[in-house]
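Asks: Input file: model32.cif. Contents: mmCIF, C-alpha atoms.
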```cif
data_coords
loop_
_atom_site.label_atom_id
_atom_site.label_comp_id
_atom_site.auth_asym_id
_atom_site.auth_seq_id
_atom_site.Cartn_x
_atom_site.Cartn_y
_atom_site.Cartn_z
CA MET A 18 -0.17 41.58 15.75
CA ASN A 19 -3.74 40.55 16.51
CA LYS A 20 -4.50 37.57 18.68
CA PRO A 21 -6.30 34.76 16.87
CA ALA A 22 -10.07 34.59 17.19
CA PRO A 23 -11.08 32.23 20.00
CA ILE A 24 -11.86 28.64 19.16
CA PRO A 25 -14.25 26.57 21.31
CA PRO A 26 -12.49 24.70 24.14
CA ALA A 27 -13.66 21.34 22.80
CA VAL A 28 -11.88 22.02 19.51
CA ASN A 29 -8.72 23.03 21.39
CA ARG A 30 -8.79 19.78 23.34
CA LEU A 31 -9.26 17.84 20.11
CA LEU A 32 -6.27 19.58 18.51
CA TYR A 33 -4.03 18.97 21.54
CA GLY A 34 -5.14 15.34 21.71
CA ALA A 35 -4.60 14.76 18.00
CA ALA A 36 -1.10 16.31 18.10
CA PHE A 37 -0.17 14.24 21.16
CA ALA A 38 -1.56 11.07 19.54
CA CYS A 39 0.54 11.74 16.42
CA VAL A 40 3.68 12.08 18.53
CA LEU A 41 2.90 8.76 20.27
CA ILE A 42 2.27 7.04 16.93
CA ILE A 43 5.58 8.38 15.56
CA VAL A 44 7.44 7.06 18.62
CA VAL A 45 5.83 3.61 18.48
CA LEU A 46 6.27 3.17 14.72
CA SER A 47 9.84 4.48 14.85
CA LEU A 48 10.88 1.91 17.44
CA LEU A 49 9.18 -1.19 16.04
CA PRO A 50 11.49 -3.94 14.78
CA ALA A 51 11.79 -3.99 10.97
CA GLU A 52 9.71 -7.17 10.52
CA GLU A 53 6.78 -5.68 12.50
CA MET A 54 6.88 -2.31 10.77
CA PRO A 55 3.78 -1.63 8.66
CA ARG A 56 4.68 -0.63 5.10
CA SER A 57 2.86 2.15 3.32
CA GLY A 58 4.32 1.51 -0.11
CA ILE A 59 5.66 5.05 -0.41
CA PRO A 60 9.40 5.81 -0.30
CA ASP A 61 10.95 5.79 3.17
CA GLY A 62 11.84 9.48 3.43
CA THR A 63 8.45 10.52 2.13
CA ASP A 64 6.61 8.74 4.94
CA HIS A 65 8.84 10.53 7.46
CA PHE A 66 8.01 13.87 5.86
CA ILE A 67 4.26 13.20 5.83
CA ALA A 68 4.14 11.97 9.45
CA TYR A 69 6.03 14.96 10.80
CA TRP A 70 4.25 17.39 8.46
CA GLY A 71 0.84 16.35 9.80
CA THR A 72 2.04 16.44 13.40
CA GLY A 73 3.61 19.88 12.92
CA GLY A 74 0.42 21.17 11.32
CA LEU A 75 -1.68 19.96 14.24
CA MET A 76 0.76 21.51 16.71
CA ALA A 77 0.60 24.84 14.90
CA LEU A 78 -3.19 24.80 15.08
CA ALA A 79 -3.17 23.75 18.73
CA PHE A 80 -0.59 26.36 19.80
CA ARG A 81 -1.79 29.16 17.50
CA GLY A 82 -1.15 32.66 18.78
CA ARG A 83 1.54 31.48 21.20
CA GLY A 84 4.71 32.00 19.20
CA SER A 85 7.26 31.01 21.85
CA VAL A 86 5.35 27.84 22.76
CA LEU A 87 5.00 26.97 19.08
CA ALA A 88 8.71 27.56 18.49
CA LEU A 89 9.56 25.28 21.42
CA ALA A 90 7.14 22.63 20.14
CA GLY A 91 8.77 22.88 16.71
CA LEU A 92 12.25 22.43 18.15
CA ALA A 93 11.00 19.49 20.19
CA LEU A 94 9.45 17.88 17.11
CA VAL A 95 12.64 18.26 15.08
CA GLY A 96 14.57 16.91 18.08
CA LEU A 97 12.17 13.98 18.27
CA GLY A 98 13.04 13.13 14.67
CA GLY A 99 16.72 13.02 15.56
CA LEU A 100 16.12 11.04 18.74
CA MET A 101 14.02 8.47 16.90
CA GLU A 102 16.78 8.00 14.32
CA VAL A 103 19.32 7.37 17.11
CA LEU A 104 17.02 5.00 19.01
CA GLN A 105 16.19 3.02 15.86
CA GLN A 106 19.69 1.58 16.12
CA LEU A 107 18.37 -0.41 19.10
CA SER A 108 15.47 -1.92 17.11
CA PRO A 109 16.25 -5.19 15.32
CA GLY A 110 16.61 -4.78 11.56
CA ARG A 111 16.25 -0.98 11.62
CA SER A 112 18.79 1.46 10.30
CA THR A 113 19.26 5.20 10.61
CA THR A 114 20.10 7.76 7.96
CA TRP A 115 20.71 11.47 7.84
CA GLY A 116 18.25 11.59 4.96
CA ASP A 117 15.43 10.28 7.16
CA PHE A 118 16.29 12.83 9.85
CA LEU A 119 16.30 15.65 7.29
CA MET A 120 12.95 14.52 5.88
CA SER A 121 11.46 14.33 9.39
CA GLY A 122 12.78 17.76 10.34
CA GLY A 123 11.75 19.26 7.01
CA GLY A 124 8.28 17.80 7.36
CA ALA A 125 7.97 19.17 10.90
CA LEU A 126 8.96 22.68 9.79
CA ALA A 127 6.73 22.56 6.71
CA GLY A 128 3.81 21.38 8.84
CA LEU A 129 4.37 24.14 11.39
CA LEU A 130 4.42 26.72 8.61
CA MET A 131 1.33 25.27 6.93
CA GLY A 132 -0.53 25.04 10.24
CA THR A 133 0.38 28.62 11.17
CA ILE A 134 -0.91 29.89 7.83
CA ALA A 135 -4.08 27.79 8.20
CA ALA A 136 -4.63 29.13 11.74
CA ARG A 137 -4.40 32.71 10.48
CA ILE A 138 -6.82 32.03 7.64
CA ILE A 139 -9.27 30.35 10.02
CA SER A 140 -8.91 33.17 12.54
CA TYR A 141 -9.50 35.80 9.88
CA GLY A 142 -12.60 33.96 8.68
CA ARG A 143 -13.95 33.69 12.25
CA ARG A 144 -13.52 37.45 12.77
CA GLN A 145 -15.57 38.18 9.65
CA TYR A 146 -18.72 36.59 11.08
#
```
What does the file become when written as structure tokens?

Replies:
Amino acid sequence: MNKPAPIPPAVNRLLYGAAFACVLIIVVLSLLPAEEMPRSGIPDGTDHFIAYWGTGGLMALAFRGRGSVLALAGLALVGLGGLMEVLQQLSPGRSTTWGDFLMSGGGALAGLLMGTIAARIISYGRRQY
């Protein structure tokens, strides 16, 4: 399998930073007490899916071409979803559900897949020029 076409270091740093920022935002929002939690107006499981989907996509772009690192990052992201559900029990007014964990994990895996496909498309396009 071909290595992905190189991306400028500044773009790599931006991707790493964005993925790390998303993880921090997920942690902070997951542990806020219920009355301080911002509401998006979309169903609860859907916001979990979207947050982890975007984070997984950024991770896939940041770790493109490094399959074992990407797999580890994916496992860590799914594990983070489970850990946040457990720790939410300590936040006042928050509850945990298996459904939220499944939506978080599903979003993470879908984002990793989408980001991997996007990285290959981008890499192919960069090789053409």

Asks: Considering all atoms listed in the file, state which residue in the set A:Ala68, A:Ala77, A:Leu119, A:Pro109 is at the smallest distance from A:Leu89.

Replies: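 Selected residue with least distance to A:Leu89: A:Ala77.
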
Asks: Once the PyMOL selection byres ((chain A and resi 126-139) around 7) has been applied to the shown file, what residues remain in the selection, as a VMD selection string?

Replies: chain A and resid 21 70 to 78 81 91 122 to 125 140 to 143

Asks: Starting from the shown file, work through the PyMOL selection byres ((chain A and resi 104) around 12) and note down what comes out as a compact mmCIF listing (two decimals) with C-alpha atoms, keeping the file's coordinate frame.

Replies:
```txt
# COMPACT_ATOMS: atom_id res chain seq x y z
CA VAL A 44 7.44 7.06 18.62
CA VAL A 45 5.83 3.61 18.48
CA LEU A 46 6.27 3.17 14.72
CA SER A 47 9.84 4.48 14.85
CA LEU A 48 10.88 1.91 17.44
CA LEU A 49 9.18 -1.19 16.04
CA PRO A 50 11.49 -3.94 14.78
CA LEU A 97 12.17 13.98 18.27
CA GLY A 98 13.04 13.13 14.67
CA GLY A 99 16.72 13.02 15.56
CA LEU A 100 16.12 11.04 18.74
CA MET A 101 14.02 8.47 16.90
CA GLU A 102 16.78 8.00 14.32
CA VAL A 103 19.32 7.37 17.11
CA GLN A 105 16.19 3.02 15.86
CA GLN A 106 19.69 1.58 16.12
CA LEU A 107 18.37 -0.41 19.10
CA SER A 108 15.47 -1.92 17.11
CA PRO A 109 16.25 -5.19 15.32
CA ARG A 111 16.25 -0.98 11.62
CA SER A 112 18.79 1.46 10.30
CA THR A 113 19.26 5.20 10.61
CA THR A 114 20.10 7.76 7.96
```

Asks: Given only C-alpha atoms as the basis, pick out the residue of A:Tyr33, A:Gly110, A:Ile43, A:Val28 nearest to A:Ile67.

Replies: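 Distance minimum relative to A:Ile67 lands on A:Ile43.
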
Asks: With only C-alpha atoms as the atoms that count, which of A:Met120, A:Leu87, A:Leu94, A:Asn29 lies nearest to A:Gly62?

Replies: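 Smallest separation from A:Gly62 among the options: A:Met120.
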
Asks: Rounded to one decimal, what separation in Å do you get between atom CA of A:Tyr69 and atom CA of A:Ala88?

Replies: 15.0 Å

Asks: Determine the nearest neighbour of A:His65 from the options A:Val95, A:Asp117, A:Phe80, A:Gly34, counting all atoms listed in the file.

Replies: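 So, comparing all the options, the nearest one is A:Asp117.
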
Asks: Set up a box along x, y and z of the file covering all listed atoms of stretch 105-120 of chain A, add 8 Å on every one of the six sides, and write the centre and edge lengths in Å to one decimal, as JSON.

Replies:
```
{"center_x": 16.8, "center_y": 5.2, "center_z": 12.0, "size_x": 23.8, "size_y": 36.8, "size_z": 30.1}
```

Asks: Could you state the separation of atom CA of A:Pro60 and atom CA of A:Gly116 in Å, given to one decimal place?

Replies: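 Taking atom CA of A:Pro60 as the start and atom CA of A:Gly116 as the end point, the length is 11.8 Å.
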
Asks: Using atom CA of A:Phe37 and atom CA of A:Ala79 as the two end points, give the distance in Å to one decimal.

Replies: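 Taking atom CA of A:Phe37 and atom CA of A:Ala79, their separation equals 10.3 Å.
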
Asks: Could you check the closest approach to A:Leu92 for each of A:Ile24, A:Met54, A:Trp115, A:Ser121 and tell me which residue wins, using all atoms listed in the file?

Replies: A:Ser121
